[in-house]
>>> print(open('start_1.txt').read())   # compact mmCIF, C-alpha atoms
# COMPACT_ATOMS: atom_id res chain seq x y z
CA ASP S 684 287.24 37.44 38.48
CA ILE S 685 284.74 40.26 38.21
CA ILE S 686 285.25 43.96 38.91
CA ILE S 687 282.10 45.94 39.67
CA VAL S 688 281.79 49.72 39.57
CA GLY S 689 278.82 51.99 40.21
CA ASP S 690 279.44 54.47 37.41
CA GLN S 691 278.77 53.27 33.85
CA ASP S 692 281.55 55.51 32.54
CA ARG S 693 284.06 53.84 34.88
CA VAL S 694 283.72 50.54 32.97
CA LYS S 695 285.75 51.85 30.03
CA GLU S 696 288.24 53.42 32.44
CA VAL S 697 288.95 49.89 33.68
CA SER S 698 288.76 48.01 30.37
CA ARG S 699 291.10 50.44 28.58
CA HIS S 700 293.87 48.71 30.52
CA PHE S 701 292.91 45.31 29.03
CA ASP S 702 295.16 43.89 26.32
CA SER S 703 292.06 42.80 24.41
CA ILE S 704 288.28 42.98 24.78
CA GLU S 705 286.24 40.01 23.59
CA PHE S 706 282.74 41.09 24.58
CA LYS S 707 280.70 44.21 25.32
CA THR S 708 277.05 44.62 26.20
CA ASN S 709 274.80 47.08 28.00
CA LYS S 710 271.25 47.24 29.41
CA ARG S 711 270.08 50.32 31.32
CA GLU S 712 272.78 51.10 33.90
CA PHE S 713 274.42 47.69 33.51
CA VAL S 714 277.43 47.94 31.16
CA THR S 715 279.72 44.91 30.80
CA HIS S 716 283.17 44.50 29.20
CA THR S 717 285.00 41.16 29.25
CA GLY S 718 288.59 40.84 28.12
CA TYR S 719 292.15 39.82 28.91
CA ILE S 720 295.29 41.12 30.55
CA GLY S 721 297.84 38.65 29.28
CA LYS S 722 296.16 35.27 29.79
CA LYS S 723 294.01 36.53 32.65
CA ARG S 724 290.32 36.84 31.74
CA LEU S 725 288.45 39.63 33.54
CA THR S 726 284.99 41.14 33.48
CA VAL S 727 284.12 44.68 34.54
CA LEU S 728 280.45 45.47 35.14
CA SER S 729 278.63 48.62 36.24
CA THR S 730 275.90 48.25 38.85
CA GLY S 731 274.51 51.75 39.18
CA ILE S 732 273.99 53.20 42.64
CA GLY S 733 272.61 51.35 45.66
CA THR S 734 272.08 47.89 47.09
CA ASP S 735 268.81 47.49 45.17
CA ASN S 736 270.93 47.19 42.03
CA ILE S 737 273.44 44.97 43.84
CA ASP S 738 270.55 42.58 44.53
CA ILE S 739 269.93 42.29 40.77
CA VAL S 740 273.60 42.01 39.79
CA PHE S 741 274.58 39.40 42.38
CA ASN S 742 271.60 37.12 41.90
CA GLU S 743 272.01 37.19 38.12
CA LEU S 744 275.81 36.77 38.16
CA ASP S 745 275.31 33.76 40.40
CA ALA S 746 272.59 32.40 38.11
CA LEU S 747 274.96 32.58 35.13
CA VAL S 748 277.49 30.28 36.79
CA ASN S 749 275.44 28.20 39.23
CA ILE S 750 272.03 27.61 37.63
CA ASP S 751 271.34 25.44 34.59
CA LEU S 752 269.43 27.93 32.45
CA GLU S 753 267.61 25.14 30.56
CA THR S 754 266.33 23.20 33.58
CA ARG S 755 266.30 26.28 35.87
CA LEU S 756 267.78 24.14 38.63
CA ALA S 757 270.93 24.78 40.67
CA LYS S 758 273.97 22.91 39.40
CA THR S 759 275.37 20.11 41.55
CA SER S 760 278.86 21.66 41.39
CA LEU S 761 278.83 25.34 42.35
CA LYS S 762 281.36 27.95 41.25
CA SER S 763 282.74 30.70 43.50
CA LEU S 764 283.45 34.09 41.91
CA ASN S 765 285.94 36.72 43.02
CA ILE S 766 284.03 40.02 42.97
CA ILE S 767 285.87 43.28 43.67
CA ARG S 768 284.10 46.61 43.93
CA ILE S 769 286.01 49.75 42.92
CA GLY S 770 284.02 52.69 44.24
CA THR S 771 284.19 56.15 45.72
CA SER S 772 283.58 56.90 49.38
CA GLY S 773 283.74 59.51 52.12
CA SER S 774 285.95 59.08 55.19
CA LEU S 775 284.42 59.40 58.67
CA GLN S 776 287.81 59.53 60.43
CA LYS S 777 290.21 62.49 60.41
CA ASP S 778 293.25 60.21 60.11
CA ILE S 779 291.97 58.65 56.84
CA PRO S 780 292.70 61.44 54.37
CA ILE S 781 291.28 62.27 50.97
CA ASP S 782 293.08 60.71 47.99
CA SER S 783 293.76 57.50 49.92
CA ILE S 784 292.50 53.93 49.34
CA LEU S 785 290.58 51.99 51.97
CA LEU S 786 289.72 48.28 51.98
CA SER S 787 286.43 47.44 53.69
CA SER S 788 286.99 44.86 56.43
CA HIS S 789 283.20 44.67 56.91
CA GLY S 790 280.07 46.10 55.33
CA LEU S 791 277.66 47.62 57.86
CA GLY S 792 274.27 47.91 56.20
CA LEU S 793 271.71 50.59 56.95
CA ASP S 794 270.02 49.88 53.62
CA GLY S 795 267.62 47.09 54.62
CA LEU S 796 268.46 44.61 51.83
CA MET S 797 269.76 41.78 54.00
CA ASN S 798 266.58 41.84 56.12
CA PHE S 799 264.95 39.97 53.20
CA TYR S 800 267.43 37.04 53.32
CA GLN S 801 268.30 34.36 55.86
CA VAL S 802 271.58 35.83 57.11
CA MET S 803 274.35 33.75 58.68
CA ASN S 804 276.60 35.88 60.89
CA THR S 805 279.86 34.87 62.54
CA ALA S 806 280.32 35.25 66.29
CA GLU S 807 282.48 38.34 65.72
CA GLU S 808 279.83 39.94 63.51
CA GLU S 809 277.12 39.23 66.08
CA GLU S 810 279.23 40.81 68.83
CA ILE S 811 279.85 43.98 66.80
CA LEU S 812 276.16 44.25 65.89
CA LYS S 813 275.20 43.85 69.54
CA LYS S 814 277.48 46.72 70.54
CA ILE S 815 276.15 48.94 67.76
CA ASN S 816 272.53 48.29 68.68
CA THR S 817 273.11 49.04 72.38
CA GLN S 818 275.20 52.18 71.88
CA VAL S 819 273.65 54.03 68.93
CA GLU S 820 270.08 54.86 67.98
CA LEU S 821 269.49 53.68 64.40
CA PRO S 822 266.51 54.15 62.06
CA LEU S 823 266.39 50.44 61.07
CA THR S 824 267.92 47.05 61.84
CA PRO S 825 271.55 46.98 60.61
CA SER S 826 273.37 44.10 58.94
CA LEU S 827 277.08 43.30 59.11
CA THR S 828 279.24 41.00 56.96
CA ALA S 829 283.02 40.65 56.77
CA ALA S 830 285.07 40.78 53.57
CA SER S 831 286.72 37.72 52.07
CA GLN S 832 289.88 37.19 54.09
CA ASP S 833 291.57 35.67 51.03
CA LEU S 834 291.00 38.85 49.00
CA LEU S 835 291.99 41.09 51.91
CA ASN S 836 295.27 39.18 52.14
CA LEU S 837 295.78 39.45 48.38
CA PHE S 838 295.30 43.23 48.40
CA LYS S 839 296.96 44.15 51.69
CA GLY S 840 299.61 46.86 51.57
CA GLU S 841 301.33 49.36 53.84
CA ASP S 842 299.81 52.41 52.15
CA LEU S 843 296.21 51.17 52.44
CA HIS S 844 293.61 51.86 55.13
CA TYR S 845 291.14 49.34 56.57
CA GLY S 846 287.84 49.59 58.40
CA ILE S 847 284.10 48.97 58.62
CA THR S 848 282.27 50.58 55.71
CA LEU S 849 278.83 52.01 56.43
CA THR S 850 276.38 51.45 53.57
CA SER S 851 273.45 53.87 53.40
CA THR S 852 270.23 53.59 51.43
CA GLY S 853 270.46 57.16 50.10
CA PHE S 854 272.79 60.10 49.61
CA TYR S 855 271.19 62.89 51.65
CA GLY S 856 269.25 62.10 54.84
CA PRO S 857 270.64 58.54 55.14
CA GLN S 858 274.15 59.97 55.02
CA GLY S 859 273.47 62.79 57.47
CA ARG S 860 273.19 65.54 54.85
CA THR S 861 270.54 68.23 55.20
CA LEU S 862 269.12 70.47 52.48
CA ARG S 863 265.51 71.32 53.47
CA LEU S 864 264.50 68.08 55.21
CA LYS S 865 265.39 67.37 58.82
CA PRO S 866 266.74 63.86 59.54
CA SER S 867 264.80 61.58 61.91
CA ILE S 868 267.87 61.03 64.11
CA ASP S 869 270.43 63.75 64.76
CA ASN S 870 274.13 62.96 64.38
CA PHE S 871 273.78 59.18 64.14
CA ILE S 872 276.54 58.90 61.52
CA GLU S 873 278.87 60.99 63.71
CA ASP S 874 277.97 58.76 66.65
CA LEU S 875 278.76 55.62 64.65
CA SER S 876 282.14 57.02 63.64
CA LYS S 877 283.10 57.29 67.34
CA LEU S 878 282.50 53.61 68.08
CA HIS S 879 285.36 51.12 68.39
CA PHE S 880 285.00 47.34 68.41
CA GLY S 881 288.41 45.95 69.41
CA ALA S 882 290.58 46.54 66.33
CA HIS S 883 287.56 47.64 64.27
CA ARG S 884 285.90 51.03 63.77
CA VAL S 885 283.47 52.58 61.30
CA THR S 886 285.72 54.38 58.82
CA ASN S 887 283.80 55.40 55.72
CA LEU S 888 280.44 55.79 54.05
CA GLU S 889 278.99 54.69 50.67
CA MET S 890 275.98 52.88 49.15
CA GLU S 891 276.83 49.31 47.99
CA THR S 892 279.32 47.41 50.15
CA SER S 893 276.98 45.79 52.69
CA GLY S 894 274.86 44.28 49.92
CA ILE S 895 277.96 43.02 48.11
CA TYR S 896 279.35 41.37 51.23
CA GLY S 897 276.01 40.02 52.46
CA LEU S 898 274.85 38.45 49.19
CA GLY S 899 278.38 37.31 48.37
CA ARG S 900 278.56 35.42 51.66
CA LEU S 901 275.19 33.73 51.15
CA LEU S 902 275.91 32.77 47.55
CA GLY S 903 279.43 31.50 48.25
CA HIS S 904 281.41 34.19 46.43
CA LYS S 905 284.52 36.04 47.65
CA CYS S 906 284.07 39.81 47.80
CA LEU S 907 286.16 42.89 48.53
CA SER S 908 285.32 46.58 48.41
CA VAL S 909 288.14 48.94 47.33
CA ASN S 910 287.26 52.53 48.23
CA ALA S 911 288.76 55.65 46.71
CA ILE S 912 288.37 58.30 49.43
CA LEU S 913 287.14 61.53 47.81
CA ALA S 914 285.97 63.40 50.91
CA ASN S 915 286.68 63.56 54.63
CA ARG S 916 283.46 64.28 56.52
CA GLN S 917 285.27 65.19 59.75
CA ALA S 918 287.90 67.50 58.26
CA LEU S 919 285.52 68.86 55.58
CA THR S 920 288.13 68.31 52.85
CA PHE S 921 287.47 67.15 49.29
CA SER S 922 289.68 65.69 46.59
CA LYS S 923 290.76 68.19 43.94
CA ASP S 924 291.56 65.37 41.49
CA PRO S 925 289.10 62.51 42.08
CA LYS S 926 289.93 60.84 38.76
CA ALA S 927 293.53 60.34 39.89
CA ILE S 928 292.68 58.40 43.06
CA VAL S 929 290.04 56.34 41.23
CA GLU S 930 292.66 55.48 38.60
CA LYS S 931 295.04 54.45 41.39
CA ALA S 932 292.37 52.11 42.78
CA ILE S 933 291.79 50.66 39.31
CA LEU S 934 295.50 50.00 38.74
CA LEU S 935 295.88 48.46 42.20
CA THR S 936 292.97 46.10 41.53
CA LEU S 937 294.19 45.06 38.08
CA GLU S 938 297.72 44.49 39.39
CA LYS S 939 296.47 42.23 42.18
CA LEU S 940 294.14 40.24 39.92
CA ALA S 941 296.35 39.95 36.84
>>> encode(input="start_1.txt", output="structure tokens")
Amino acid sequence: DIIIVGDQDRVKEVSRHFDSIEFKTNKREFVTHTGYIGKKRLTVLSTGIGTDNIDIVFNELDALVNIDLETRLAKTSLKSLNIIRIGTSGSLQKDIPIDSILLSSHGLGLDGLMNFYQVMNTAEEEEILKKINTQVELPLTPSLTAASQDLLNLFKGEDLHYGITLTSTGFYGPQGRTLRLKPSIDNFIEDLSKLHFGAHRVTNLEMETSGIYGLGRLLGHKCLSVNAILANRQALTFSKDPKAIVEKAILLTLEKLA
């Protein structure tokens, strides 16, 4: 069971809840603590921002458990990891308020990473992608991958929100923010937030989930993204105590895993 966080400083905010820590290491933005809650062994690892870093983290986590590092060949018996992201996010729907927690049912990627892999979509994912591509002008080919249903079932709760998480390749133009540069497509994020696909809709915006879900699917790992909502882009409201909702997401994750 591995918890991943973007912020290096969030690693110690997770591991301080461990009963004991057996191992610590760090390299650039990648900080790792492994320890125990009771008899449950957990690792928390920072990824830094963006799916480019997710590409590094997921391929190397998988190599640690599924490649013989002496022969450099894949093992005959492969291991599946549970990988849970605890991250911050902005809501695109007025009814998903700040200081709430949202579980990503799918990761919708506008980051480009999965275009470099042989993707295997389900029929539902293909149908949603078809509707997106015919109804909204996008700057690049999107990807879409669902969360692990097993982890969604483990985490489900009445006070949680659910929805499709939009993963962008940057913080400003790719998320519809303007300082001095004009975006290539006007209002495409607002347009995406208005789309409904049966029970699904685009609910929030961040920078890692689509890569986590896409690579996790291909490598055979179970993944879930737990989002602490710090801003509501429709209501223009912002959390006054972001540390509190992040801590709530941490405690929820540790409770479910331990």
>>> residues_around(input="start_1.txt", residues="stretch 724-738 of chain S", least_positions_apart="4", cutoff="9 Å", atoms="only C-alpha atoms", output="mmCIF file with C-alpha atoms, in the coordinates of the input")
data_model
loop_
_atom_site.group_PDB
_atom_site.id
_atom_site.type_symbol
_atom_site.label_atom_id
_atom_site.label_comp_id
_atom_site.auth_asym_id
_atom_site.auth_seq_id
_atom_site.Cartn_x
_atom_site.Cartn_y
_atom_site.Cartn_z
ATOM 1 C CA ASP S 684 287.240 37.440 38.480
ATOM 2 C CA ILE S 685 284.740 40.260 38.210
ATOM 3 C CA ILE S 686 285.250 43.960 38.910
ATOM 4 C CA ILE S 687 282.100 45.940 39.670
ATOM 5 C CA VAL S 688 281.790 49.720 39.570
ATOM 6 C CA GLY S 689 278.820 51.990 40.210
ATOM 7 C CA ASP S 690 279.440 54.470 37.410
ATOM 8 C CA GLN S 691 278.770 53.270 33.850
ATOM 9 C CA ASP S 692 281.550 55.510 32.540
ATOM 10 C CA ARG S 693 284.060 53.840 34.880
ATOM 11 C CA VAL S 694 283.720 50.540 32.970
ATOM 12 C CA LYS S 695 285.750 51.850 30.030
ATOM 13 C CA VAL S 697 288.950 49.890 33.680
ATOM 14 C CA SER S 698 288.760 48.010 30.370
ATOM 15 C CA PHE S 701 292.910 45.310 29.030
ATOM 16 C CA GLU S 712 272.780 51.100 33.900
ATOM 17 C CA PHE S 713 274.420 47.690 33.510
ATOM 18 C CA VAL S 714 277.430 47.940 31.160
ATOM 19 C CA THR S 715 279.720 44.910 30.800
ATOM 20 C CA HIS S 716 283.170 44.500 29.200
ATOM 21 C CA THR S 717 285.000 41.160 29.250
ATOM 22 C CA GLY S 718 288.590 40.840 28.120
ATOM 23 C CA TYR S 719 292.150 39.820 28.910
ATOM 24 C CA ILE S 720 295.290 41.120 30.550
ATOM 25 C CA ASN S 742 271.600 37.120 41.900
ATOM 26 C CA GLU S 743 272.010 37.190 38.120
ATOM 27 C CA ASP S 794 270.020 49.880 53.620
ATOM 28 C CA GLY S 795 267.620 47.090 54.620
ATOM 29 C CA LEU S 796 268.460 44.610 51.830
ATOM 30 C CA THR S 850 276.380 51.450 53.570
ATOM 31 C CA SER S 851 273.450 53.870 53.400
ATOM 32 C CA THR S 852 270.230 53.590 51.430
ATOM 33 C CA GLY S 853 270.460 57.160 50.100
ATOM 34 C CA GLU S 889 278.990 54.690 50.670
ATOM 35 C CA MET S 890 275.980 52.880 49.150
ATOM 36 C CA GLU S 891 276.830 49.310 47.990
ATOM 37 C CA THR S 892 279.320 47.410 50.150
ATOM 38 C CA SER S 893 276.980 45.790 52.690
ATOM 39 C CA GLY S 894 274.860 44.280 49.920
ATOM 40 C CA ILE S 895 277.960 43.020 48.110
ATOM 41 C CA LEU S 898 274.850 38.450 49.190
ATOM 42 C CA LEU S 940 294.140 40.240 39.920
ATOM 43 C CA ALA S 941 296.350 39.950 36.840
#
>>> atom_distance(input="start_1.txt", atom1="atom CA of S:Ser783", atom2="atom CA of S:Ser922")
9.7 Å
>>> atom_distance(input="start_1.txt", atom1="atom CA of S:Thr759", atom2="atom CA of S:Leu744")
17.0 Å
>>> atom_distance(input="start_1.txt", atom1="atom CA of S:Leu747", atom2="atom CA of S:Lys762")
10.0 Å
>>> residues_near_point(input="start_1.txt", point="(284.4, 39.7, 47.6)", cutoff="6 Å", atoms="only C-alpha atoms", output="number ranges by chain")
S: 765-767, 831, 905-907
>>> closest_residue(input="start_1.txt", among="S:Asp782, S:Asp842, S:Glu696, S:Asp751", to="S:Ala914", atoms="all atoms listed in the file")
S:Asp782
>>> decode(input="start_1.txt", residues="stretch 853-899 of chain S", atoms="N, CA and C atoms", output="short mmCIF file (atom, residue, chain, number, x, y, z; two decimals), in the first residue's frame")
data_model
loop_
_atom_site.label_atom_id
_atom_site.label_comp_id
_atom_site.auth_asym_id
_atom_site.auth_seq_id
_atom_site.Cartn_x
_atom_site.Cartn_y
_atom_site.Cartn_z
N GLY S 853 -0.51 21.99 -16.97
CA GLY S 853 0.06 23.19 -16.36
C GLY S 853 -0.94 23.84 -15.43
N PHE S 854 -0.54 24.92 -14.81
CA PHE S 854 -1.37 25.57 -13.79
C PHE S 854 -2.10 26.80 -14.32
N TYR S 855 -1.56 27.46 -15.32
CA TYR S 855 -2.16 28.71 -15.79
C TYR S 855 -3.00 28.49 -17.04
N GLY S 856 -2.45 28.66 -18.22
CA GLY S 856 -3.24 28.48 -19.44
C GLY S 856 -3.98 27.15 -19.50
N PRO S 857 -3.32 26.01 -19.19
CA PRO S 857 -4.01 24.72 -19.26
C PRO S 857 -5.15 24.57 -18.26
N GLN S 858 -5.22 25.45 -17.27
CA GLN S 858 -6.33 25.41 -16.33
C GLN S 858 -7.24 26.63 -16.49
N GLY S 859 -7.13 27.31 -17.62
CA GLY S 859 -8.03 28.41 -17.91
C GLY S 859 -7.73 29.69 -17.16
N ARG S 860 -6.51 29.82 -16.61
CA ARG S 860 -6.13 31.05 -15.91
C ARG S 860 -5.39 31.97 -16.87
N THR S 861 -5.60 33.25 -16.74
CA THR S 861 -4.96 34.23 -17.61
C THR S 861 -4.23 35.28 -16.78
N LEU S 862 -2.95 35.46 -17.04
CA LEU S 862 -2.20 36.58 -16.48
C LEU S 862 -1.96 37.58 -17.63
N ARG S 863 -0.92 37.34 -18.45
CA ARG S 863 -0.71 38.19 -19.63
C ARG S 863 -0.95 37.43 -20.92
N LEU S 864 -0.94 36.10 -20.87
CA LEU S 864 -1.06 35.30 -22.09
C LEU S 864 -2.49 34.86 -22.33
N LYS S 865 -2.94 34.99 -23.55
CA LYS S 865 -4.30 34.59 -23.92
C LYS S 865 -4.31 33.10 -24.26
N PRO S 866 -5.29 32.34 -23.72
CA PRO S 866 -5.37 30.91 -24.03
C PRO S 866 -5.75 30.67 -25.49
N SER S 867 -5.38 29.49 -26.02
CA SER S 867 -5.68 29.18 -27.42
C SER S 867 -7.16 28.89 -27.63
N ILE S 868 -7.84 28.41 -26.60
CA ILE S 868 -9.27 28.11 -26.68
C ILE S 868 -9.97 28.79 -25.51
N ASP S 869 -10.97 29.59 -25.79
CA ASP S 869 -11.69 30.29 -24.73
C ASP S 869 -12.68 29.36 -24.04
N ASN S 870 -12.66 29.38 -22.72
CA ASN S 870 -13.71 28.75 -21.90
C ASN S 870 -13.82 27.24 -22.05
N PHE S 871 -12.75 26.54 -22.48
CA PHE S 871 -12.92 25.11 -22.69
C PHE S 871 -13.10 24.36 -21.37
N ILE S 872 -12.49 24.83 -20.29
CA ILE S 872 -12.69 24.17 -19.00
C ILE S 872 -14.13 24.37 -18.52
N GLU S 873 -14.66 25.59 -18.69
CA GLU S 873 -16.06 25.84 -18.33
C GLU S 873 -16.99 24.98 -19.17
N ASP S 874 -16.66 24.80 -20.44
CA ASP S 874 -17.48 23.96 -21.31
C ASP S 874 -17.45 22.50 -20.86
N LEU S 875 -16.28 22.02 -20.48
CA LEU S 875 -16.17 20.64 -20.00
C LEU S 875 -16.99 20.43 -18.73
N SER S 876 -17.00 21.43 -17.86
CA SER S 876 -17.72 21.29 -16.59
C SER S 876 -19.23 21.18 -16.79
N LYS S 877 -19.73 21.57 -17.96
CA LYS S 877 -21.17 21.52 -18.24
C LYS S 877 -21.60 20.18 -18.83
N LEU S 878 -20.64 19.32 -19.18
CA LEU S 878 -20.97 18.07 -19.84
C LEU S 878 -21.37 17.00 -18.83
N HIS S 879 -22.38 16.21 -19.19
CA HIS S 879 -22.81 15.07 -18.38
C HIS S 879 -22.77 13.82 -19.24
N PHE S 880 -22.33 12.72 -18.64
CA PHE S 880 -22.22 11.45 -19.34
C PHE S 880 -22.94 10.39 -18.50
N GLY S 881 -24.27 10.32 -18.61
CA GLY S 881 -25.03 9.45 -17.73
C GLY S 881 -24.90 9.93 -16.30
N ALA S 882 -24.35 9.07 -15.43
CA ALA S 882 -24.17 9.44 -14.02
C ALA S 882 -22.88 10.23 -13.81
N HIS S 883 -22.08 10.43 -14.86
CA HIS S 883 -20.76 11.04 -14.71
C HIS S 883 -20.75 12.49 -15.19
N ARG S 884 -19.89 13.30 -14.55
CA ARG S 884 -19.64 14.67 -14.99
C ARG S 884 -18.23 15.06 -14.58
N VAL S 885 -17.69 16.07 -15.24
CA VAL S 885 -16.37 16.57 -14.89
C VAL S 885 -16.52 17.47 -13.67
N THR S 886 -15.86 17.10 -12.58
CA THR S 886 -16.12 17.77 -11.29
C THR S 886 -14.98 18.63 -10.77
N ASN S 887 -13.75 18.31 -11.13
CA ASN S 887 -12.62 19.02 -10.50
C ASN S 887 -11.39 18.97 -11.39
N LEU S 888 -10.38 19.72 -10.98
CA LEU S 888 -9.23 20.01 -11.83
C LEU S 888 -7.95 19.89 -11.00
N GLU S 889 -6.95 19.16 -11.53
CA GLU S 889 -5.63 19.08 -10.89
C GLU S 889 -4.61 18.65 -11.92
N MET S 890 -3.46 18.03 -11.50
CA MET S 890 -2.36 17.85 -12.45
C MET S 890 -1.72 16.46 -12.44
N GLU S 891 -2.31 15.45 -11.77
CA GLU S 891 -1.67 14.13 -11.71
C GLU S 891 -2.58 12.93 -11.98
N THR S 892 -3.87 13.04 -11.71
CA THR S 892 -4.73 11.86 -11.63
C THR S 892 -4.77 11.02 -12.91
N SER S 893 -4.86 11.65 -14.07
CA SER S 893 -4.98 10.86 -15.30
C SER S 893 -3.76 9.98 -15.53
N GLY S 894 -2.58 10.49 -15.21
CA GLY S 894 -1.36 9.69 -15.34
C GLY S 894 -1.33 8.54 -14.36
N ILE S 895 -1.80 8.80 -13.13
CA ILE S 895 -1.87 7.76 -12.10
C ILE S 895 -2.79 6.64 -12.55
N TYR S 896 -3.98 7.00 -13.00
CA TYR S 896 -4.96 5.99 -13.41
C TYR S 896 -4.53 5.26 -14.68
N GLY S 897 -3.99 6.01 -15.65
CA GLY S 897 -3.61 5.40 -16.91
C GLY S 897 -2.46 4.42 -16.76
N LEU S 898 -1.36 4.85 -16.12
CA LEU S 898 -0.23 3.95 -15.93
C LEU S 898 -0.56 2.83 -14.96
N GLY S 899 -1.36 3.15 -13.93
CA GLY S 899 -1.76 2.10 -13.00
C GLY S 899 -2.50 0.99 -13.71
#
